[in-house]
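Quick notes on the structure that follows.
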Amino acid sequence: MKKILICASRVSHILFFHLPYIKLFKENGWTVDIAAEGTADHPDIDRCYDLQYVKNPFSTRNLKTIKELKRIMRENRYDIVYSNSTLAGFAMRSAVKSLGKERPYCIHISHGYMFDDKAGLRSVLYRTAERMTSKVTDRLIVMNSEDLRLAEKYKLGKSIFFTDGMGLCPDCFPPLDTVRKNELRKSLGADKDSLVFLCVGEFSSRKNQTLIIEALERTVKQNKSCIAVFAGQGAALDECRRLVNKYELETNTRFPGQVKDVNSLYRSADVLISASKMEGLPFNVMEALYCGTPVIASDIKGHSDLIRNGFNGLFFSLECPDPAGQLSQLMLKLINDRKYLSLLRSNTFLDEKYTIDKVSPKLFGLLSKTQIKTPEVLRQ
């Protein structure tokens with residue numbers, strides 16, 4: 001029986017993105033172990049190793065995690081190991097490197113590189129981490145055009161592959177009838193004239209919800225016919241709540257927490273807003289587009305792979321002198337020009353190439369080393 005180890009920084013990442021692939025491995029007779037911070041009790045997961053990470057690939061605390069990963073790999077003799085995210089990717093591949101010739105086949109999935117071509121300290125740090133582990137990265141998988149360019153330029157894997165994300169499951173996003181939609185909008189406090197802006201994701205510096213709140217403060221000064229709904233949890237949630245209180249935006253802001261029925265939110269909202277500083281191929285944008293909800297987004301990689309400015313969404317720049325002001329102008333444009341919003345909505349859909357039925361056969365083939373090489377998935 002073949003054995004695989006899947007690594008990520010958090011167990012929640014594996015449970016959110018990888019269960020369809022874990023199921024495929026099990027159906028094909030594999031033993032599937034996972035290693036991440038946290039625990040999981042799932043029938044398709046054989047063993048779960050709870051590891052600890054610090055958000056710095058060169059932290060001395062992570063050295064203990066690398067040592068533990070080395071022990072796990074040595075004892076279990078996996079055929080394949082694959083990692084996700086920057087921290088887990090660096091730790092796992094460092095452990096693989098230390099095993100020498102006795103190592104397993106090593107795959108890494110980049111969900112968005114934390115660096116670019118610039119000479120800033122952050123970029124140099126994360127770029128160096130990727131280059132240090134590139135020689136043991138037998139197969140590298142990226143999911144946006146800019147990361148593909150970076151991977152090829154810096155030779156970050158022996159073989160470099162492209163995938164259209166991890167695959168969105170259409171069954172999770174059924175149509176919503178008008179009655180239910182109106183009920184939900186009413187529960188949010190939105191009347192027939194209110195525009196509902198939605199932000200879905202973990203509250204964090206990277207997701208940048210504080211910028212949306214700053215833009216909302218400017219927006220309601222000119223037009224109060226809007227509500228911003230921030231769905232999710234995270235370390236920056238309290239800061240966002242304080243900012244809402246500071247700007248006295250309680251009437252125009254909702255914090256529903258972690259929402260199970262996010263489909264209803266997407267289909268009841270008028271516009272999704274994403275102010276992220278960095279992305280791979282963001283699920284929240286794909287989900288919104290699939291539900292027919294146009295997007296206002298920061299002009300960054302990942303977003304630019306999914307959104308056409310002025311067609312199914314609008315871009316604002318994080319590099320401009322006043323990004324909150326620019327975002328506010330776009331919000332006001334859609335509040336004041338409902339015909340233009342309707343035009344965006346009429347163009348909003350998700351290409352079927354991003355759905356799980358299209359993505360999973362190719363991606364599972366890449367992860368299990370059974371993929372037939374075709375120009376459609378291989379970029380070397």
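Naming works like this for the structure tokens: A, B, ... for the chains as they're shown, residue 1 at the start of each chain, ligands 1 onward in shown order.
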Members of segment 268-371 of chain A assigned alpha helix (DSSP H) by DSSP, as a count of residues only: 49
Those of segment 2-99 of chain A in DSSP strand (DSSP E or B), formatted as a ChimeraX atom specification: /A:3-10,31-37,47-50,80-84
Selection from above, C-alpha atoms, as a short mmCIF file (atom, residue, chain, number, x, y, z; two decimals), in the first residue's frame, can you write it?
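Saved result, part26.cif, follows:
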```cif
data_model
loop_
_atom_site.label_atom_id
_atom_site.label_comp_id
_atom_site.auth_asym_id
_atom_site.auth_seq_id
_atom_site.Cartn_x
_atom_site.Cartn_y
_atom_site.Cartn_z
CA LYS A 3 1.63 6.13 1.63
CA ILE A 4 1.37 9.91 1.39
CA LEU A 5 1.91 12.73 3.90
CA ILE A 6 0.09 16.04 3.36
CA CYS A 7 1.53 19.07 5.16
CA ALA A 8 0.05 22.50 5.80
CA SER A 9 0.42 25.22 8.41
CA ARG A 10 -3.11 24.66 9.74
CA THR A 31 -2.59 5.47 3.33
CA VAL A 32 -3.12 9.20 3.97
CA ASP A 33 -1.48 11.02 6.89
CA ILE A 34 -1.54 14.76 7.52
CA ALA A 35 0.81 17.04 9.46
CA ALA A 36 -0.34 20.52 10.48
CA GLU A 37 -1.13 22.66 13.49
CA ARG A 47 -3.09 9.76 11.14
CA CYS A 48 -2.92 13.42 12.09
CA TYR A 49 0.33 14.89 13.44
CA ASP A 50 -0.15 18.13 15.38
CA ILE A 80 5.10 10.98 -1.64
CA VAL A 81 4.95 14.04 0.59
CA TYR A 82 3.33 17.28 -0.48
CA SER A 83 3.10 20.63 1.22
CA ASN A 84 0.99 23.78 1.02
#
```
Gln233 of chain A environment, 7 Å, only C-alpha atoms, sequence neighbours closer than 4 positions dropped, as an NGL selection string: :A and (202-203 or 237 or 257-258)
Save the residues we just selected, N, CA and C atoms, as an mmCIF file, in the first residue's frame?
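Saved as part-v2.cif:
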```cif
data_model
loop_
_atom_site.group_PDB
_atom_site.id
_atom_site.type_symbol
_atom_site.label_atom_id
_atom_site.label_comp_id
_atom_site.auth_asym_id
_atom_site.auth_seq_id
_atom_site.Cartn_x
_atom_site.Cartn_y
_atom_site.Cartn_z
ATOM 1 N N GLU A 202 -10.707 35.235 6.412
ATOM 2 C CA GLU A 202 -10.078 35.376 7.723
ATOM 3 C C GLU A 202 -9.686 36.832 7.957
ATOM 4 N N PHE A 203 -9.952 37.326 9.171
ATOM 5 C CA PHE A 203 -9.553 38.688 9.517
ATOM 6 C C PHE A 203 -8.046 38.703 9.776
ATOM 7 N N LEU A 237 -9.955 40.639 13.891
ATOM 8 C CA LEU A 237 -11.379 40.954 14.054
ATOM 9 C C LEU A 237 -11.615 42.051 15.081
ATOM 10 N N GLY A 257 -19.738 36.620 11.904
ATOM 11 C CA GLY A 257 -18.847 35.542 12.324
ATOM 12 C C GLY A 257 -18.612 34.541 11.208
ATOM 13 N N GLN A 258 -18.256 33.304 11.613
ATOM 14 C CA GLN A 258 -18.018 32.243 10.637
ATOM 15 C C GLN A 258 -19.365 31.734 10.147
#
```
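The protein and nucleic acid residues lying at most 9 Å from Leu281 of chain A are His111, Gly112, Met143, Asn144, Asp164, Gly165, Met166, Glu279, Phe283, Val285, Met286, Lys301, Gly302, His303, Asp305 and Leu306 of chain A, with only C-alpha atoms considered and sequence neighbours fewer than 2 positions away removed.
Reported to one decimal place, the separation of atom CA of Lys55 of chain A from atom CA of Ile213 of chain A is 25.7 Å.
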Residues within 10 Å of Phe173 of chain A, only C-alpha atoms, excluding chain neighbours under 6 positions, as a list in words: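 Listing them by chain and then by number gives Asp261, Val262, Asn263, Ser264, Tyr266, Arg267, Glu287, Ala288, Tyr290 and Cys291 of chain A.
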Please produce an output containing C-alpha atoms for each residue in the selection, written as an mmCIF file, in the first residue's frame.
```
data_model
loop_
_atom_site.group_PDB
_atom_site.id
_atom_site.type_symbol
_atom_site.label_atom_id
_atom_site.label_comp_id
_atom_site.auth_asym_id
_atom_site.auth_seq_id
_atom_site.Cartn_x
_atom_site.Cartn_y
_atom_site.Cartn_z
ATOM 1 C CA ASP A 261 -24.298 29.037 4.592
ATOM 2 C CA VAL A 262 -21.949 31.415 2.803
ATOM 3 C CA ASN A 263 -23.748 30.672 -0.479
ATOM 4 C CA SER A 264 -26.791 32.618 0.738
ATOM 5 C CA TYR A 266 -22.948 35.619 -1.821
ATOM 6 C CA ARG A 267 -26.310 35.409 -3.571
ATOM 7 C CA GLU A 287 -17.278 31.679 -5.190
ATOM 8 C CA ALA A 288 -18.711 35.168 -5.660
ATOM 9 C CA TYR A 290 -19.903 31.579 -9.549
ATOM 10 C CA CYS A 291 -22.876 33.022 -7.627
#
```
Proximity of segment 156-270 of chain A to segment 318-334 of chain A: per-residue shortest pair, 10 Å limit, only C-alpha atoms, as JSON lines:
```
{"residue": "A:Leu195", "atom": "CA", "partner": "A:Leu334", "partner_atom": "CA", "distance": 8.3}
{"residue": "A:Phe197", "atom": "CA", "partner": "A:Met331", "partner_atom": "CA", "distance": 8.5}
{"residue": "A:Thr210", "atom": "CA", "partner": "A:Ala324", "partner_atom": "CA", "distance": 9.4}
{"residue": "A:Leu211", "atom": "CA", "partner": "A:Ala324", "partner_atom": "CA", "distance": 5.8}
{"residue": "A:Ile212", "atom": "CA", "partner": "A:Ala324", "partner_atom": "CA", "distance": 6.9}
{"residue": "A:Ile213", "atom": "CA", "partner": "A:Ala324", "partner_atom": "CA", "distance": 8.5}
{"residue": "A:Glu214", "atom": "CA", "partner": "A:Ala324", "partner_atom": "CA", "distance": 6.0}
{"residue": "A:Ala215", "atom": "CA", "partner": "A:Ala324", "partner_atom": "CA", "distance": 4.6}
{"residue": "A:Leu216", "atom": "CA", "partner": "A:Ser328", "partner_atom": "CA", "distance": 6.5}
{"residue": "A:Glu217", "atom": "CA", "partner": "A:Ser328", "partner_atom": "CA", "distance": 8.5}
{"residue": "A:Arg218", "atom": "CA", "partner": "A:Ser328", "partner_atom": "CA", "distance": 6.4}
{"residue": "A:Thr219", "atom": "CA", "partner": "A:Ser328", "partner_atom": "CA", "distance": 5.4}
{"residue": "A:Val220", "atom": "CA", "partner": "A:Leu332", "partner_atom": "CA", "distance": 8.8}
{"residue": "A:Gln222", "atom": "CA", "partner": "A:Leu332", "partner_atom": "CA", "distance": 8.0}
{"residue": "A:Asn223", "atom": "CA", "partner": "A:Leu332", "partner_atom": "CA", "distance": 7.3}
{"residue": "A:Lys224", "atom": "CA", "partner": "A:Leu332", "partner_atom": "CA", "distance": 9.9}
{"residue": "A:Ser225", "atom": "CA", "partner": "A:Leu332", "partner_atom": "CA", "distance": 9.6}
{"residue": "A:Cys226", "atom": "CA", "partner": "A:Met331", "partner_atom": "CA", "distance": 9.1}
{"residue": "A:Asp270", "atom": "CA", "partner": "A:Leu334", "partner_atom": "CA", "distance": 9.4}
```
Write the selection just made, keeping all heavy atoms, as a short mmCIF file (atom, residue, chain, number, x, y, z; two decimals), in the first residue's frame?
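To be explicit, this is the file written out as again22.cif:
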```cif
data_model
loop_
_atom_site.label_atom_id
_atom_site.label_comp_id
_atom_site.auth_asym_id
_atom_site.auth_seq_id
_atom_site.Cartn_x
_atom_site.Cartn_y
_atom_site.Cartn_z
N LEU A 195 -27.38 49.00 -0.88
CA LEU A 195 -26.42 48.13 -1.55
C LEU A 195 -25.67 47.35 -0.48
O LEU A 195 -25.16 47.94 0.49
CB LEU A 195 -25.44 48.96 -2.38
CG LEU A 195 -24.87 48.27 -3.63
CD1 LEU A 195 -25.99 48.01 -4.63
CD2 LEU A 195 -23.80 49.12 -4.27
N PHE A 197 -22.53 45.31 0.46
CA PHE A 197 -21.15 44.92 0.16
C PHE A 197 -20.77 43.76 1.09
O PHE A 197 -21.07 43.80 2.28
CB PHE A 197 -20.20 46.09 0.37
CG PHE A 197 -20.42 47.24 -0.57
CD1 PHE A 197 -21.02 48.41 -0.13
CD2 PHE A 197 -20.01 47.17 -1.90
CE1 PHE A 197 -21.23 49.48 -0.98
CE2 PHE A 197 -20.21 48.23 -2.76
CZ PHE A 197 -20.83 49.39 -2.31
N THR A 210 -9.29 46.27 7.31
CA THR A 210 -9.29 47.63 7.86
C THR A 210 -9.38 48.67 6.75
O THR A 210 -10.00 49.73 6.92
CB THR A 210 -8.03 47.88 8.70
OG1 THR A 210 -6.86 47.58 7.92
CG2 THR A 210 -8.03 47.02 9.96
N LEU A 211 -8.79 48.39 5.60
CA LEU A 211 -8.86 49.32 4.48
C LEU A 211 -10.30 49.46 3.99
O LEU A 211 -10.75 50.56 3.64
CB LEU A 211 -7.96 48.85 3.34
CG LEU A 211 -7.96 49.74 2.09
CD1 LEU A 211 -7.27 51.07 2.39
CD2 LEU A 211 -7.25 49.06 0.93
N ILE A 212 -11.04 48.36 3.97
CA ILE A 212 -12.44 48.41 3.54
C ILE A 212 -13.26 49.26 4.50
O ILE A 212 -14.12 50.05 4.08
CB ILE A 212 -13.03 46.99 3.44
CG1 ILE A 212 -12.21 46.14 2.45
CG2 ILE A 212 -14.49 47.04 3.02
CD1 ILE A 212 -12.64 44.68 2.38
N ILE A 213 -12.97 49.13 5.79
CA ILE A 213 -13.70 49.93 6.79
C ILE A 213 -13.38 51.42 6.62
O ILE A 213 -14.27 52.28 6.72
CB ILE A 213 -13.37 49.44 8.21
CG1 ILE A 213 -13.89 48.01 8.40
CG2 ILE A 213 -13.96 50.37 9.27
CD1 ILE A 213 -13.41 47.33 9.66
N GLU A 214 -12.12 51.73 6.35
CA GLU A 214 -11.75 53.12 6.09
C GLU A 214 -12.46 53.67 4.86
O GLU A 214 -12.91 54.83 4.85
CB GLU A 214 -10.23 53.23 5.92
CG GLU A 214 -9.46 52.99 7.22
CD GLU A 214 -7.97 52.85 6.99
OE1 GLU A 214 -7.53 52.99 5.83
OE2 GLU A 214 -7.25 52.59 7.96
N ALA A 215 -12.58 52.84 3.83
CA ALA A 215 -13.29 53.26 2.63
C ALA A 215 -14.79 53.42 2.90
O ALA A 215 -15.44 54.34 2.40
CB ALA A 215 -13.06 52.24 1.51
N LEU A 216 -15.34 52.52 3.72
CA LEU A 216 -16.76 52.59 4.08
C LEU A 216 -17.07 53.88 4.82
O LEU A 216 -18.11 54.52 4.59
CB LEU A 216 -17.14 51.39 4.94
CG LEU A 216 -18.60 51.32 5.40
CD1 LEU A 216 -19.54 51.14 4.22
CD2 LEU A 216 -18.77 50.16 6.40
N GLU A 217 -16.16 54.30 5.70
CA GLU A 217 -16.36 55.54 6.46
C GLU A 217 -16.50 56.73 5.52
O GLU A 217 -17.36 57.61 5.71
CB GLU A 217 -15.18 55.74 7.42
CG GLU A 217 -15.37 56.86 8.42
CD GLU A 217 -14.71 58.16 7.98
OE1 GLU A 217 -13.85 58.10 7.07
OE2 GLU A 217 -15.04 59.24 8.54
N ARG A 218 -15.69 56.77 4.48
CA ARG A 218 -15.78 57.87 3.50
C ARG A 218 -17.05 57.74 2.65
O ARG A 218 -17.67 58.74 2.28
CB ARG A 218 -14.56 57.87 2.60
CG ARG A 218 -13.24 58.03 3.36
CD ARG A 218 -12.10 58.21 2.38
NE ARG A 218 -10.80 58.10 3.04
CZ ARG A 218 -9.65 58.40 2.46
NH1 ARG A 218 -9.65 58.84 1.20
NH2 ARG A 218 -8.52 58.27 3.10
N THR A 219 -17.42 56.50 2.37
CA THR A 219 -18.58 56.26 1.51
C THR A 219 -19.86 56.73 2.16
O THR A 219 -20.68 57.43 1.53
CB THR A 219 -18.68 54.76 1.17
OG1 THR A 219 -17.49 54.35 0.50
CG2 THR A 219 -19.88 54.48 0.27
N VAL A 220 -20.08 56.37 3.43
CA VAL A 220 -21.36 56.70 4.08
C VAL A 220 -21.50 58.19 4.35
O VAL A 220 -22.61 58.68 4.56
CB VAL A 220 -21.54 55.89 5.39
CG1 VAL A 220 -21.59 54.41 5.10
CG2 VAL A 220 -20.46 56.22 6.40
N GLN A 222 -21.10 60.31 2.14
CA GLN A 222 -21.71 60.83 0.92
C GLN A 222 -23.01 60.12 0.58
O GLN A 222 -23.90 60.71 -0.05
CB GLN A 222 -20.74 60.72 -0.25
CG GLN A 222 -19.45 61.52 -0.04
CD GLN A 222 -18.58 61.51 -1.28
OE1 GLN A 222 -19.00 61.87 -2.37
NE2 GLN A 222 -17.32 61.09 -1.11
N ASN A 223 -23.11 58.84 0.96
CA ASN A 223 -24.34 58.10 0.68
C ASN A 223 -24.45 56.95 1.69
O ASN A 223 -23.63 56.05 1.71
CB ASN A 223 -24.33 57.55 -0.75
CG ASN A 223 -25.69 57.06 -1.19
OD1 ASN A 223 -26.44 56.49 -0.41
ND2 ASN A 223 -26.01 57.28 -2.46
N LYS A 224 -25.50 57.01 2.51
CA LYS A 224 -25.66 56.02 3.57
C LYS A 224 -26.40 54.76 3.12
O LYS A 224 -26.64 53.85 3.92
CB LYS A 224 -26.41 56.64 4.76
CG LYS A 224 -25.68 57.80 5.41
CD LYS A 224 -26.46 58.32 6.61
CE LYS A 224 -25.79 59.54 7.23
NZ LYS A 224 -24.45 59.22 7.75
N SER A 225 -26.72 54.67 1.84
CA SER A 225 -27.53 53.55 1.35
C SER A 225 -26.69 52.31 1.08
O SER A 225 -26.66 51.76 -0.03
CB SER A 225 -28.27 53.96 0.07
OG SER A 225 -29.12 55.05 0.31
N CYS A 226 -25.98 51.87 2.10
CA CYS A 226 -25.14 50.68 1.94
C CYS A 226 -24.89 50.02 3.30
O CYS A 226 -24.94 50.67 4.34
CB CYS A 226 -23.82 51.02 1.27
SG CYS A 226 -22.75 52.11 2.24
N ASP A 270 -24.80 42.37 -3.08
CA ASP A 270 -24.72 43.01 -4.40
C ASP A 270 -23.31 42.97 -4.96
O ASP A 270 -23.12 42.83 -6.17
CB ASP A 270 -25.20 44.46 -4.30
CG ASP A 270 -26.65 44.55 -3.91
OD1 ASP A 270 -27.51 44.18 -4.73
OD2 ASP A 270 -26.94 44.98 -2.77
#
```
Within 8 Å of Lys207 of chain A, counting only C-alpha atoms, which residues qualify if same-chain residues fewer than 4 places away don't, as a short mmCIF file (atom, residue, chain, number, x, y, z; two decimals) with all heavy atoms, in the first residue's frame?
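Final output, saved to around.cif:
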```cif
data_model
loop_
_atom_site.label_atom_id
_atom_site.label_comp_id
_atom_site.auth_asym_id
_atom_site.auth_seq_id
_atom_site.Cartn_x
_atom_site.Cartn_y
_atom_site.Cartn_z
N GLY A 201 -13.70 36.12 4.53
CA GLY A 201 -12.34 35.64 4.71
C GLY A 201 -11.84 35.84 6.13
O GLY A 201 -12.48 36.52 6.95
N GLU A 202 -10.71 35.23 6.41
CA GLU A 202 -10.08 35.38 7.72
C GLU A 202 -9.69 36.83 7.96
O GLU A 202 -9.15 37.50 7.06
CB GLU A 202 -8.83 34.50 7.79
CG GLU A 202 -8.07 34.60 9.11
CD GLU A 202 -6.75 33.85 9.08
OE1 GLU A 202 -6.34 33.41 7.99
OE2 GLU A 202 -6.13 33.72 10.15
N PHE A 203 -9.95 37.33 9.17
CA PHE A 203 -9.55 38.69 9.52
C PHE A 203 -8.05 38.70 9.78
O PHE A 203 -7.56 38.11 10.74
CB PHE A 203 -10.31 39.18 10.75
CG PHE A 203 -11.72 39.58 10.48
CD1 PHE A 203 -12.74 38.64 10.44
CD2 PHE A 203 -12.04 40.91 10.24
CE1 PHE A 203 -14.05 39.01 10.18
CE2 PHE A 203 -13.34 41.30 9.98
CZ PHE A 203 -14.35 40.34 9.94
N SER A 274 -12.74 42.60 -2.02
CA SER A 274 -11.52 41.98 -1.51
C SER A 274 -10.39 42.99 -1.62
O SER A 274 -10.05 43.45 -2.71
CB SER A 274 -11.16 40.73 -2.30
OG SER A 274 -9.93 40.20 -1.84
N ALA A 275 -9.81 43.33 -0.46
CA ALA A 275 -8.70 44.29 -0.41
C ALA A 275 -7.38 43.61 -0.11
O ALA A 275 -6.43 44.24 0.36
CB ALA A 275 -8.99 45.36 0.64
N SER A 276 -7.29 42.31 -0.38
CA SER A 276 -6.11 41.53 -0.03
C SER A 276 -4.82 42.12 -0.60
O SER A 276 -4.80 42.66 -1.70
CB SER A 276 -6.24 40.10 -0.55
OG SER A 276 -7.24 39.40 0.15
N LYS A 277 -3.76 41.97 0.19
CA LYS A 277 -2.43 42.42 -0.25
C LYS A 277 -1.74 41.37 -1.10
O LYS A 277 -0.86 41.70 -1.91
CB LYS A 277 -1.57 42.74 0.97
CG LYS A 277 -2.11 43.83 1.87
CD LYS A 277 -1.28 43.98 3.13
CE LYS A 277 -1.86 45.02 4.08
NZ LYS A 277 -1.07 45.11 5.35
N MET A 278 -2.13 40.10 -0.93
CA MET A 278 -1.50 39.01 -1.65
C MET A 278 -2.45 37.82 -1.72
O MET A 278 -3.14 37.51 -0.75
CB MET A 278 -0.19 38.61 -0.97
CG MET A 278 0.74 37.75 -1.79
SD MET A 278 2.39 37.68 -1.03
CE MET A 278 2.94 39.37 -1.24
#
```
Can you tell me, as a short mmCIF file (atom, residue, chain, number, x, y, z; two decimals) with all heavy atoms, in the first residue's frame, what residues are no more than 9 Å from Leu156 of chain A when counting only C-alpha atoms, ignoring any on the same chain fewer than 5 positions away?
```
data_model
loop_
_atom_site.label_atom_id
_atom_site.label_comp_id
_atom_site.auth_asym_id
_atom_site.auth_seq_id
_atom_site.Cartn_x
_atom_site.Cartn_y
_atom_site.Cartn_z
N GLU A 130 12.37 29.92 -0.66
CA GLU A 130 11.94 29.07 -1.77
C GLU A 130 13.13 28.53 -2.56
O GLU A 130 13.13 27.37 -2.96
CB GLU A 130 10.99 29.85 -2.69
CG GLU A 130 9.64 30.19 -2.08
CD GLU A 130 8.82 28.96 -1.77
OE1 GLU A 130 8.95 27.95 -2.48
OE2 GLU A 130 8.03 29.01 -0.80
N ARG A 131 14.12 29.36 -2.77
CA ARG A 131 15.29 28.92 -3.55
C ARG A 131 16.11 27.89 -2.78
O ARG A 131 16.70 26.98 -3.38
CB ARG A 131 16.15 30.13 -3.93
CG ARG A 131 15.41 31.12 -4.83
CD ARG A 131 16.25 32.29 -5.25
NE ARG A 131 17.16 31.92 -6.34
CZ ARG A 131 17.90 32.79 -7.00
NH1 ARG A 131 17.85 34.08 -6.67
NH2 ARG A 131 18.68 32.40 -7.98
N MET A 132 16.14 28.01 -1.45
CA MET A 132 16.88 27.05 -0.63
C MET A 132 16.30 25.64 -0.72
O MET A 132 17.02 24.65 -0.54
CB MET A 132 16.89 27.51 0.83
CG MET A 132 17.81 28.67 1.13
SD MET A 132 17.62 29.26 2.84
CE MET A 132 18.11 27.81 3.75
N THR A 133 15.00 25.56 -0.98
CA THR A 133 14.34 24.25 -1.00
C THR A 133 13.98 23.79 -2.42
O THR A 133 13.36 22.75 -2.59
CB THR A 133 13.06 24.29 -0.14
OG1 THR A 133 12.21 25.37 -0.61
CG2 THR A 133 13.38 24.51 1.32
N SER A 134 14.38 24.54 -3.41
CA SER A 134 13.97 24.24 -4.78
C SER A 134 14.56 22.93 -5.30
O SER A 134 13.92 22.22 -6.08
CB SER A 134 14.37 25.39 -5.72
OG SER A 134 15.78 25.56 -5.73
N LYS A 135 15.76 22.56 -4.86
CA LYS A 135 16.43 21.38 -5.40
C LYS A 135 15.79 20.07 -4.94
O LYS A 135 16.01 19.02 -5.55
CB LYS A 135 17.91 21.40 -5.05
CG LYS A 135 18.69 22.48 -5.80
CD LYS A 135 20.18 22.40 -5.54
CE LYS A 135 20.92 23.46 -6.34
NZ LYS A 135 22.39 23.41 -6.10
N THR A 137 12.44 20.04 -4.49
CA THR A 137 11.05 20.16 -4.95
C THR A 137 10.93 19.46 -6.30
O THR A 137 11.18 20.04 -7.35
CB THR A 137 10.64 21.65 -5.06
OG1 THR A 137 10.89 22.31 -3.83
CG2 THR A 137 9.16 21.77 -5.40
N LEU A 140 6.58 21.17 -8.59
CA LEU A 140 6.02 22.41 -8.05
C LEU A 140 4.74 22.73 -8.80
O LEU A 140 4.70 22.68 -10.04
CB LEU A 140 7.03 23.55 -8.21
CG LEU A 140 6.54 24.96 -7.86
CD1 LEU A 140 6.19 25.07 -6.38
CD2 LEU A 140 7.59 26.01 -8.24
N LEU A 150 7.28 33.76 -11.70
CA LEU A 150 8.30 33.78 -10.66
C LEU A 150 8.96 32.41 -10.50
O LEU A 150 10.18 32.30 -10.36
CB LEU A 150 7.68 34.21 -9.33
CG LEU A 150 7.24 35.67 -9.21
CD1 LEU A 150 6.40 35.88 -7.95
CD2 LEU A 150 8.44 36.61 -9.21
N ALA A 151 8.15 31.36 -10.53
CA ALA A 151 8.68 30.00 -10.38
C ALA A 151 9.64 29.66 -11.50
O ALA A 151 10.69 29.04 -11.27
CB ALA A 151 7.53 29.00 -10.34
#
```
A:Ser360, A:Asn245, A:Asn182, A:Thr348 ranked by distance to Thr293 of chain A, top pick (using only C-alpha atoms): A:Thr348
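Candidate residues A:Asn252, A:Ser368, A:Gln52, A:Thr355 were compared for distance to Leu188 of chain A, and the nearest is A:Asn252, using only C-alpha atoms.
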